[in-house]
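*Asks:* If you scroll down you'll find the structure; I have some questions about it.
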Amino acid sequence: MAAPPITNALTIDFEDWYQGLEIPYSEWDKFEDRIVPVGRKLLRILDEENTKATFFMLGYVAEKHPELVKEIEAAGHEIGTHGFSHTLIYTQTPEVFRAEMERAIGFLEDSTGKKVVGHRAPFFSITKDSLWALDILGELGVEYDSSIFPVLNYRYGIAGSPRFPYKIERENFTLKEFPVSTLQLPKITLPISGGAYFRIYPYQMTKQCLKAVNRSGNAFTFYLHPWELDPDHPKIKLPRRIAGITHYFNLGATERRLRKLLRDFKFAPMKDVFETIKLN
Ligand SMILES: [Zn+2]
């Protein structure tokens, strides 16, 4: 008899198309705001596919579009935080990080009346240089984080860190970490679970890699940005280093692939997935 399917975490890094490109947020008002129609398109797809997700909301977007926070909440999704200004955490001081996080969490909690328990860092930017951020998150009442990529690239990652959910014990609190999902191959740890990787690899490759994770008895987390469902968003010239190759790649395939993924695997919000996992 087949084992019951493993429940995986579906996560949305909820930000507009120009907000993840290392453009300072003081300049964001120059760009065309497309998050409302695109956010609603994503909500419609999730509703049609009967799937609930965790929305890691960027504070800037939540404050600008409080109606979206209400719509996401009303649709039964979990609301977590993606910080306020989409700044690389290791370029911030702990004081600035704390102030932005208090603002972002406070706004969401006031809007929904629910405690924010989950966090994902902009650009997965909890690295060896910003582990202090985990302490601040714990002090602010955050219960889980999903920001540590166990690979190393120019912008993120802690190579060799655990690939599956684990506990981070501190004196006054325990934080749960859900690392960004990877597949361990003989010579490399392969990122497999969302964003540009989802658009670059053929769908069958993503599916087989994620199946391998589930076959090993583990849940994976998958992540997506709303703008990846918006192939017509404005084209701006991007430095090669900053997603110059990947940002616009194969956006027309995202919706079809996402719907397949939601039918091929079982998903839930991350806080519910943690309840199905025994942590080390
Ligand atoms: Zn982001």
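Ordering of the structure tokens sets the chain letters (A, B, ...), residue numbers begin anew at 1 in every chain, and ligands are numbered from 1 in the order given.
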Compile a residue-level contact table for chain A against ligand 1 at a cut-off of 7 Å, reporting for every qualifying residue the shortest atom pair and its distance in Å to one decimal, with only C-alpha atoms and all ligand atoms counted, rows ordered by chain and ascending number, as a tab-separated table.

*Replies:*
```
residue	atom	partner	partner_atom_place_in_ligand_line	distance
A:Asp13	CA	ligand 1	1 (Zn)	5.2
A:Phe14	CA	ligand 1	1 (Zn)	6.9
A:Glu15	CA	ligand 1	1 (Zn)	6.2
A:Gly20	CA	ligand 1	1 (Zn)	5.3
A:His82	CA	ligand 1	1 (Zn)	6.7
A:His86	CA	ligand 1	1 (Zn)	6.3
A:Pro122	CA	ligand 1	1 (Zn)	4.4
A:Phe123	CA	ligand 1	1 (Zn)	5.6
```

*Asks:* Create the file for the chosen residues now, containing C-alpha atoms and written as a PDB file, in the first residue's frame.

*Replies:*
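Final output, result27.pdb:
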```
ATOM      1  CA  ASP A  13       6.790  35.879  -1.393  1.00  0.00           C
ATOM      2  CA  PHE A  14       4.208  38.612  -1.828  1.00  0.00           C
ATOM      3  CA  GLU A  15       5.852  41.607  -3.506  1.00  0.00           C
ATOM      4  CA  GLY A  20      13.073  42.121  -5.554  1.00  0.00           C
ATOM      5  CA  HIS A  82       8.631  39.205   4.272  1.00  0.00           C
ATOM      6  CA  HIS A  86      13.100  44.076   0.773  1.00  0.00           C
ATOM      7  CA  PRO A 122      14.103  39.070   1.359  1.00  0.00           C
ATOM      8  CA  PHE A 123      16.529  37.334  -1.028  1.00  0.00           C
TER       9      PHE A 123
END
```

*Asks:* Write out as a PyMOL selection string each polymer residue whose atoms come within 9 Å of A:Tyr25, counting only C-alpha atoms; drop sequence neighbours fewer than 5 positions from it.

*Replies:* chain A and resi 19+60+85-87

*Asks:* With 10 Å as the cut-off and only C-alpha atoms counted, what is the closest atom pair between each nearby residue of stretch 197-220 of chain A and stretch 254-274 of chain A? Distances in Å to one decimal, ordered by chain and number, as a tab-separated table.

*Replies:*
```
residue	atom	partner	partner_atom	distance
A:Phe198	CA	A:Thr254	CA	7.9
A:Arg199	CA	A:Thr254	CA	6.5
A:Pro202	CA	A:Arg257	CA	9.4
A:Tyr203	CA	A:Arg257	CA	6.6
A:Gln204	CA	A:Arg257	CA	9.7
A:Thr206	CA	A:Leu261	CA	9.0
A:Lys207	CA	A:Leu261	CA	7.5
A:Leu210	CA	A:Phe265	CA	8.8
A:Lys211	CA	A:Phe265	CA	8.4
A:Asn214	CA	A:Phe265	CA	9.4
A:Ala219	CA	A:Val273	CA	7.9
A:Phe220	CA	A:Phe267	CA	9.4
```

*Asks:* If you keep C-alpha atoms, can you produce a file of those selected residues as a PDB file, in the first residue's frame?

*Replies:*
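The resulting selection_21.pdb:
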```
ATOM      1  CA  PHE A 198      10.773  26.497 -11.526  1.00  0.00           C
ATOM      2  CA  ARG A 199      10.756  28.431 -14.803  1.00  0.00           C
ATOM      3  CA  PRO A 202      11.595  21.558 -17.436  1.00  0.00           C
ATOM      4  CA  TYR A 203       8.484  20.819 -15.338  1.00  0.00           C
ATOM      5  CA  GLN A 204       9.220  17.091 -15.328  1.00  0.00           C
ATOM      6  CA  THR A 206      11.089  19.815 -10.940  1.00  0.00           C
ATOM      7  CA  LYS A 207       8.460  17.150 -10.423  1.00  0.00           C
ATOM      8  CA  LEU A 210      10.375  17.136  -5.526  1.00  0.00           C
ATOM      9  CA  LYS A 211       9.079  13.570  -5.661  1.00  0.00           C
ATOM     10  CA  ASN A 214       8.863  13.248  -0.611  1.00  0.00           C
ATOM     11  CA  ALA A 219       8.257  17.682   3.098  1.00  0.00           C
ATOM     12  CA  PHE A 220       9.530  20.372   0.763  1.00  0.00           C
TER      13      PHE A 220
END
```

*Asks:* Out of A:Ala121, A:Val116, A:Ala196, A:Leu46, which residue has the shortest atom-to-atom distance to A:Gly83 when counting only C-alpha atoms?

*Replies:*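 Of A:Ala121, A:Val116, A:Ala196, A:Leu46, the one nearest A:Gly83, counting only C-alpha atoms, is A:Ala121.
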
*Asks:* Please determine, counting only C-alpha atoms, which residue among A:Ser111, A:Thr221, A:Ser216, A:Thr127 has the shortest atom-to-atom distance to A:Ala53.

*Replies:*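 Closest candidate: A:Thr221.
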
*Asks:* For A:Ile79, which of A:Ile158, A:Ile12, A:Ile126, A:Ile35 is the closest residue, counting only C-alpha atoms?

*Replies:*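 Nearest to A:Ile79: A:Ile12.
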
*Asks:* Please, which residues of stretch 4-141 of chain A, numbered as in this document, come out strand (DSSP E or B) from DSSP, as a list of chain:residue names?

*Replies:*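 Of stretch 4-141 of chain A, the ones in strand (DSSP E or B) are A:Thr7, A:Asn8, A:Ala9, A:Leu10, A:Thr11, A:Ile12, A:Asp13, A:Phe14, A:Thr54, A:Phe55, A:Phe56, A:Met57, A:Glu78, A:Ile79, A:Gly80, A:Thr81, A:Gly118, A:His119.
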
*Asks:* Can you tell me, as a VMD selection string, which residues in stretch 24-219 of chain A count as alpha helix (DSSP H) by DSSP?

*Replies:* chain A and resid 35 to 48 59 to 64 66 to 74 94 to 112 132 to 139 195 to 200 203 to 215

*Asks:* Write a file of the selected residues as an mmCIF file, in the first residue's frame, keeping C-alpha atoms.

*Replies:*
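Okay, this is what ended up in part_24.cif:
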```cif
data_model
loop_
_atom_site.group_PDB
_atom_site.id
_atom_site.type_symbol
_atom_site.label_atom_id
_atom_site.label_comp_id
_atom_site.auth_asym_id
_atom_site.auth_seq_id
_atom_site.Cartn_x
_atom_site.Cartn_y
_atom_site.Cartn_z
ATOM 1 C CA ILE A 35 0.392 43.780 -7.501
ATOM 2 C CA VAL A 36 -3.393 44.180 -7.183
ATOM 3 C CA PRO A 37 -4.471 42.452 -10.414
ATOM 4 C CA VAL A 38 -1.633 39.950 -10.226
ATOM 5 C CA GLY A 39 -2.251 39.176 -6.561
ATOM 6 C CA ARG A 40 -5.918 38.577 -7.383
ATOM 7 C CA LYS A 41 -4.964 36.326 -10.309
ATOM 8 C CA LEU A 42 -2.883 34.231 -7.923
ATOM 9 C CA LEU A 43 -5.745 34.066 -5.398
ATOM 10 C CA ARG A 44 -8.063 32.924 -8.179
ATOM 11 C CA ILE A 45 -5.680 30.146 -9.255
ATOM 12 C CA LEU A 46 -5.256 28.909 -5.683
ATOM 13 C CA ASP A 47 -9.020 28.962 -5.195
ATOM 14 C CA GLU A 48 -9.608 27.023 -8.419
ATOM 15 C CA GLY A 59 5.256 45.314 4.656
ATOM 16 C CA TYR A 60 5.469 48.047 2.020
ATOM 17 C CA VAL A 61 2.869 46.243 -0.116
ATOM 18 C CA ALA A 62 0.606 45.500 2.844
ATOM 19 C CA GLU A 63 0.533 49.179 3.860
ATOM 20 C CA LYS A 64 -0.059 50.360 0.295
ATOM 21 C CA PRO A 66 -4.486 46.842 2.844
ATOM 22 C CA GLU A 67 -7.370 45.482 0.780
ATOM 23 C CA LEU A 68 -5.097 42.683 -0.467
ATOM 24 C CA VAL A 69 -4.213 41.683 3.095
ATOM 25 C CA LYS A 70 -7.935 41.402 3.817
ATOM 26 C CA GLU A 71 -8.611 39.388 0.652
ATOM 27 C CA ILE A 72 -5.766 36.952 1.334
ATOM 28 C CA GLU A 73 -6.909 36.532 4.922
ATOM 29 C CA ALA A 74 -10.549 36.082 3.875
ATOM 30 C CA PRO A 94 20.166 44.965 13.804
ATOM 31 C CA GLU A 95 18.428 48.180 14.923
ATOM 32 C CA VAL A 96 17.055 48.953 11.453
ATOM 33 C CA PHE A 97 16.044 45.320 10.917
ATOM 34 C CA ARG A 98 14.181 45.282 14.237
ATOM 35 C CA ALA A 99 12.388 48.583 13.541
ATOM 36 C CA GLU A 100 11.272 47.465 10.056
ATOM 37 C CA MET A 101 10.160 44.069 11.360
ATOM 38 C CA GLU A 102 8.141 45.632 14.184
ATOM 39 C CA ARG A 103 6.429 47.883 11.656
ATOM 40 C CA ALA A 104 5.739 45.045 9.177
ATOM 41 C CA ILE A 105 4.443 42.590 11.789
ATOM 42 C CA GLY A 106 2.468 45.257 13.663
ATOM 43 C CA PHE A 107 0.608 46.307 10.532
ATOM 44 C CA LEU A 108 -0.335 42.727 9.607
ATOM 45 C CA GLU A 109 -1.449 41.858 13.126
ATOM 46 C CA ASP A 110 -3.563 45.025 13.358
ATOM 47 C CA SER A 111 -5.120 44.230 9.963
ATOM 48 C CA THR A 112 -5.969 40.596 10.594
ATOM 49 C CA TRP A 132 21.513 37.762 14.645
ATOM 50 C CA ALA A 133 18.252 38.343 12.777
ATOM 51 C CA LEU A 134 16.946 35.003 14.081
ATOM 52 C CA ASP A 135 17.299 36.284 17.646
ATOM 53 C CA ILE A 136 15.342 39.432 16.840
ATOM 54 C CA LEU A 137 12.621 37.401 15.126
ATOM 55 C CA GLY A 138 12.322 35.155 18.177
ATOM 56 C CA GLU A 139 12.132 38.170 20.474
ATOM 57 C CA GLY A 195 11.114 31.023 -8.332
ATOM 58 C CA ALA A 196 13.395 31.112 -11.344
ATOM 59 C CA TYR A 197 14.399 27.465 -10.876
ATOM 60 C CA PHE A 198 10.773 26.497 -11.526
ATOM 61 C CA ARG A 199 10.756 28.431 -14.803
ATOM 62 C CA ILE A 200 14.210 27.341 -15.982
ATOM 63 C CA TYR A 203 8.484 20.819 -15.338
ATOM 64 C CA GLN A 204 9.220 17.091 -15.328
ATOM 65 C CA MET A 205 12.603 17.741 -13.751
ATOM 66 C CA THR A 206 11.089 19.815 -10.940
ATOM 67 C CA LYS A 207 8.460 17.150 -10.423
ATOM 68 C CA GLN A 208 10.969 14.291 -10.216
ATOM 69 C CA CYS A 209 13.252 16.226 -7.845
ATOM 70 C CA LEU A 210 10.375 17.136 -5.526
ATOM 71 C CA LYS A 211 9.079 13.570 -5.661
ATOM 72 C CA ALA A 212 12.513 12.369 -4.576
ATOM 73 C CA VAL A 213 12.300 14.637 -1.512
ATOM 74 C CA ASN A 214 8.863 13.248 -0.611
ATOM 75 C CA ARG A 215 10.053 9.684 -1.226
#
```
